[in-house]
Amino acid sequence: MEGENLTSEEQFLIVGFSDLPLLQVPLFFTFTLIYMITLIANLLIMSIVYFSSHLHTPMYFFLLNVAFLDITNISVTFPHMLVHFFQTGILMSLTECLLQIYLFVLLVATEFLILTVMAYDRYVAICHPLRYMSIMNKNMCIQLATGSWLGGIFGPLMHTILLSRLSYCQSHTINHFFCDVTALMKLSCTSIHSIETLNYVNGSTFGLLPFIVVVASYAKIISAILKMKSMEGKRKTFSTCGSHLTVVIVFFVSVCSTYMRPTSNLSMKENKILALLYTAVPPLCNPIIYTLKNKEFTNVLRRREKK
């Protein structure tokens with residue numbers, strides 16, 4: 001297959017972590033544990049929020065979206081990756097690769113936007129508490145969530161179309177644990193200038209601008225927290241906001257540093273490590289940040305345990 005143009009009927013070899021034979025077993029159990037904890041924790045959040053009527057507030061409405069995104073996002077890559085540990089490589093057709101890329105970018109872009117909306121929601125709640133319910137009313141929440149999902153759905157369409165038109169003639173081997181945009185760009189023997197340009201445009205639209213909004217929102221929130229008289233209130237709010245901001249920074253920076261660099265400067269081994277950060281860390285940490293550090297949620301959980 002080397003030296004030939006790959007069509008949708010031909011296949012790519014996804015090598016996963018087969019280049020680390022001594023770590024196959026510990027990596028398999030580690031990633032399996034991460035995946036299972038992420039699924040259970042986020043499904044628990046979704047069920048509790050859905051069935052607890054007094055949690056039907058803007059904050060938990062957006063949290064429901066994040067939990068669903070975390071489940072679907074990690075499920076696009078992790079099950080496929082775990083199979084790698086039982087094989088030396090997995091073959092995927094170009095059509096399957098493009099579908100995985102489209103779903104992955106869709107979910108990442110949507111989560112960027114939802115996290116931005118959540119930061120704005122917390123800004124309104126803390127900085128404008130008396131106007132909170134009038135600003136973040138039901139219609140506004142639905143519009144913000146719908147806009148985020150529509151942005152995620154339409155954002156990767158052009159990417160997918162451009163990737164489908166490339167000629168892949170250098171190699172059919174992808175040194176990654178899933179079919180990634182950067183991996184296909186590396187394999188192309190035709191010009192990828194238009195895709196690189198699109199990476200910068202999408203990265204700015206779905207990455208940098210939301211990140212600026214998140215940072216600006218938290219700057220306002222921190223300013224409001226510092227004016228609080230209650231030290232306990234300051235401590236709890238700082239703890240939750242600090243944890244959330246840390247995960248958001250890891251998520252945004254790792255994704256943007258992967259997709260907003262020239263392809264010639266990309267290292268696929270480095271990309272695999274960065275990909276683990278943005279595919280595993282946010283879905284695993286979000287339930288801890290938004291629930292275990294949230295008194296209202298833990299009270300609901302305790303009441304359900306007593307029943």
# chains A, B, ... in the order shown; residues from 1 in each chain; ligands from 1

$ select_by_dssp --residues "segment 52-273 of chain A" --states "strand (DSSP E or B)" --output "PyMOL selection string"
chain A and resi 90-93+168+173-174+188

$ closest_atom_pairs --of "segment 34-107 of chain A" --to "segment 271-295 of chain A" --cutoff "7 Å" --atoms "only C-alpha atoms" --output "CSV"
residue,atom,partner,partner_atom,distance
A:Ile34,CA,A:Leu284,CA,7.0
A:Thr38,CA,A:Leu284,CA,5.0
A:Ala41,CA,A:Pro287,CA,6.2
A:Asn42,CA,A:Pro287,CA,6.3
A:Asp70,CA,A:Pro283,CA,4.8
A:Ile74,CA,A:Thr279,CA,5.9

$ write_last_selection --atoms "N, CA, C and O atoms" --output "PDB file, in the first residue's frame"
ATOM      1  N   ILE A  34      -9.660   4.225  34.058  1.00  0.00           N
ATOM      2  CA  ILE A  34     -10.048   5.612  33.768  1.00  0.00           C
ATOM      3  C   ILE A  34     -11.375   5.644  33.020  1.00  0.00           C
ATOM      4  O   ILE A  34     -12.271   6.436  33.340  1.00  0.00           O
ATOM      5  N   THR A  38     -14.884   7.135  34.535  1.00  0.00           N
ATOM      6  CA  THR A  38     -15.484   8.255  33.800  1.00  0.00           C
ATOM      7  C   THR A  38     -16.926   7.955  33.429  1.00  0.00           C
ATOM      8  O   THR A  38     -17.815   8.803  33.608  1.00  0.00           O
ATOM      9  N   ALA A  41     -19.137   7.739  36.776  1.00  0.00           N
ATOM     10  CA  ALA A  41     -19.282   9.041  37.433  1.00  0.00           C
ATOM     11  C   ALA A  41     -20.198   9.974  36.641  1.00  0.00           C
ATOM     12  O   ALA A  41     -21.094  10.619  37.205  1.00  0.00           O
ATOM     13  N   ASN A  42     -20.006  10.026  35.331  1.00  0.00           N
ATOM     14  CA  ASN A  42     -20.822  10.936  34.520  1.00  0.00           C
ATOM     15  C   ASN A  42     -22.249  10.432  34.347  1.00  0.00           C
ATOM     16  O   ASN A  42     -23.186  11.240  34.301  1.00  0.00           O
ATOM     17  N   ASP A  70     -18.716  14.332  27.956  1.00  0.00           N
ATOM     18  CA  ASP A  70     -17.563  13.592  28.469  1.00  0.00           C
ATOM     19  C   ASP A  70     -17.692  12.095  28.188  1.00  0.00           C
ATOM     20  O   ASP A  70     -16.707  11.430  27.837  1.00  0.00           O
ATOM     21  N   ILE A  74     -15.025  10.466  25.331  1.00  0.00           N
ATOM     22  CA  ILE A  74     -14.050   9.423  25.675  1.00  0.00           C
ATOM     23  C   ILE A  74     -14.410   8.092  25.015  1.00  0.00           C
ATOM     24  O   ILE A  74     -13.541   7.267  24.725  1.00  0.00           O
TER      25      ILE A  74
END

$ closest_atom_pairs --of "segment 195-294 of chain A" --to "segment 182-186 of chain A" --cutoff "12 Å" --atoms "only C-alpha atoms" --output "tab-separated table"
residue	atom	partner	partner_atom	distance
A:Ile195	CA	A:Met185	CA	8.2
A:Glu196	CA	A:Met185	CA	8.8
A:Asn199	CA	A:Thr182	CA	9.8
A:Val255	CA	A:Thr182	CA	11.4
A:Ser257	CA	A:Thr182	CA	11.6
A:Thr258	CA	A:Thr182	CA	8.0
A:Tyr259	CA	A:Thr182	CA	7.0
A:Met260	CA	A:Thr182	CA	10.0
A:Arg261	CA	A:Thr182	CA	9.6
A:Pro262	CA	A:Thr182	CA	9.6
A:Thr263	CA	A:Lys186	CA	6.6
A:Ser264	CA	A:Lys186	CA	8.0
A:Asn265	CA	A:Lys186	CA	10.2
A:Leu266	CA	A:Thr182	CA	7.9
A:Ser267	CA	A:Thr182	CA	9.6
A:Met268	CA	A:Ala183	CA	7.2
A:Lys269	CA	A:Ala183	CA	10.7
A:Glu270	CA	A:Thr182	CA	11.6
A:Asn271	CA	A:Thr182	CA	8.6
A:Lys272	CA	A:Ala183	CA	10.2
A:Ala275	CA	A:Thr182	CA	11.1

$ closest_residue --among "A:Val117, A:Val253, A:Val105, A:Leu94" --to "Gly155 of chain A" --atoms "only C-alpha atoms"
A:Val105

$ atom_distance --atom1 "atom CA of Thr205 of chain A" --atom2 "atom CA of Leu113 of chain A"
9.7 Å

$ closest_residue --among "A:Ile153, A:Ala224, A:Met231, A:Ile192" --to "Tyr168 of chain A" --atoms "only C-alpha atoms"
A:Ile192

$ residues_around --residues "Cys241 of chain A" --least-positions-apart "6" --cutoff "9 Å" --atoms "only C-alpha atoms" --output "NGL selection string"
:A and (218 or 221-222 or 289)

$ write_last_selection --atoms "all heavy atoms" --output "mmCIF file, in the first residue's frame"
data_model
loop_
_atom_site.group_PDB
_atom_site.id
_atom_site.type_symbol
_atom_site.label_atom_id
_atom_site.label_comp_id
_atom_site.auth_asym_id
_atom_site.auth_seq_id
_atom_site.Cartn_x
_atom_site.Cartn_y
_atom_site.Cartn_z
ATOM 1 N N TYR A 218 -13.643 34.301 34.865
ATOM 2 C CA TYR A 218 -13.067 33.928 36.156
ATOM 3 C C TYR A 218 -12.309 35.080 36.804
ATOM 4 O O TYR A 218 -12.199 35.143 38.031
ATOM 5 C CB TYR A 218 -12.184 32.687 36.006
ATOM 6 C CG TYR A 218 -13.002 31.421 36.122
ATOM 7 C CD1 TYR A 218 -13.389 30.714 35.002
ATOM 8 C CD2 TYR A 218 -13.416 30.958 37.361
ATOM 9 C CE1 TYR A 218 -14.160 29.579 35.097
ATOM 10 C CE2 TYR A 218 -14.183 29.821 37.480
ATOM 11 C CZ TYR A 218 -14.557 29.135 36.348
ATOM 12 O OH TYR A 218 -15.336 28.005 36.463
ATOM 13 N N ILE A 221 -14.999 36.811 38.489
ATOM 14 C CA ILE A 221 -15.455 35.997 39.624
ATOM 15 C C ILE A 221 -14.485 36.115 40.798
ATOM 16 O O ILE A 221 -14.890 36.315 41.948
ATOM 17 C CB ILE A 221 -15.604 34.520 39.202
ATOM 18 C CG1 ILE A 221 -16.801 34.363 38.254
ATOM 19 C CG2 ILE A 221 -15.775 33.620 40.421
ATOM 20 C CD1 ILE A 221 -16.892 32.993 37.599
ATOM 21 N N ILE A 222 -13.189 36.015 40.511
ATOM 22 C CA ILE A 222 -12.178 36.114 41.567
ATOM 23 C C ILE A 222 -12.225 37.482 42.232
ATOM 24 O O ILE A 222 -12.105 37.608 43.459
ATOM 25 C CB ILE A 222 -10.773 35.820 40.991
ATOM 26 C CG1 ILE A 222 -10.672 34.350 40.604
ATOM 27 C CG2 ILE A 222 -9.684 36.177 42.005
ATOM 28 C CD1 ILE A 222 -9.411 33.998 39.824
ATOM 29 N N ILE A 289 -14.974 17.813 40.290
ATOM 30 C CA ILE A 289 -15.038 19.265 40.486
ATOM 31 C C ILE A 289 -16.469 19.741 40.692
ATOM 32 O O ILE A 289 -16.764 20.539 41.591
ATOM 33 C CB ILE A 289 -14.412 19.987 39.279
ATOM 34 C CG1 ILE A 289 -12.911 19.684 39.213
ATOM 35 C CG2 ILE A 289 -14.644 21.492 39.358
ATOM 36 C CD1 ILE A 289 -12.261 20.116 37.925
#

$ residues_around --residues "Gly89 of chain A" --least-positions-apart "5" --cutoff "9 Å" --atoms "only C-alpha atoms" --output "list in words"
Leu13, Ile14, Val15, Gly16, Phe17, Ser18, Val83 and His84 of chain A

$ closest_residue --among "A:Ile90, A:Met140, A:Leu69, A:Met118" --to "Gly152 of chain A" --atoms "only C-alpha atoms"
A:Leu69
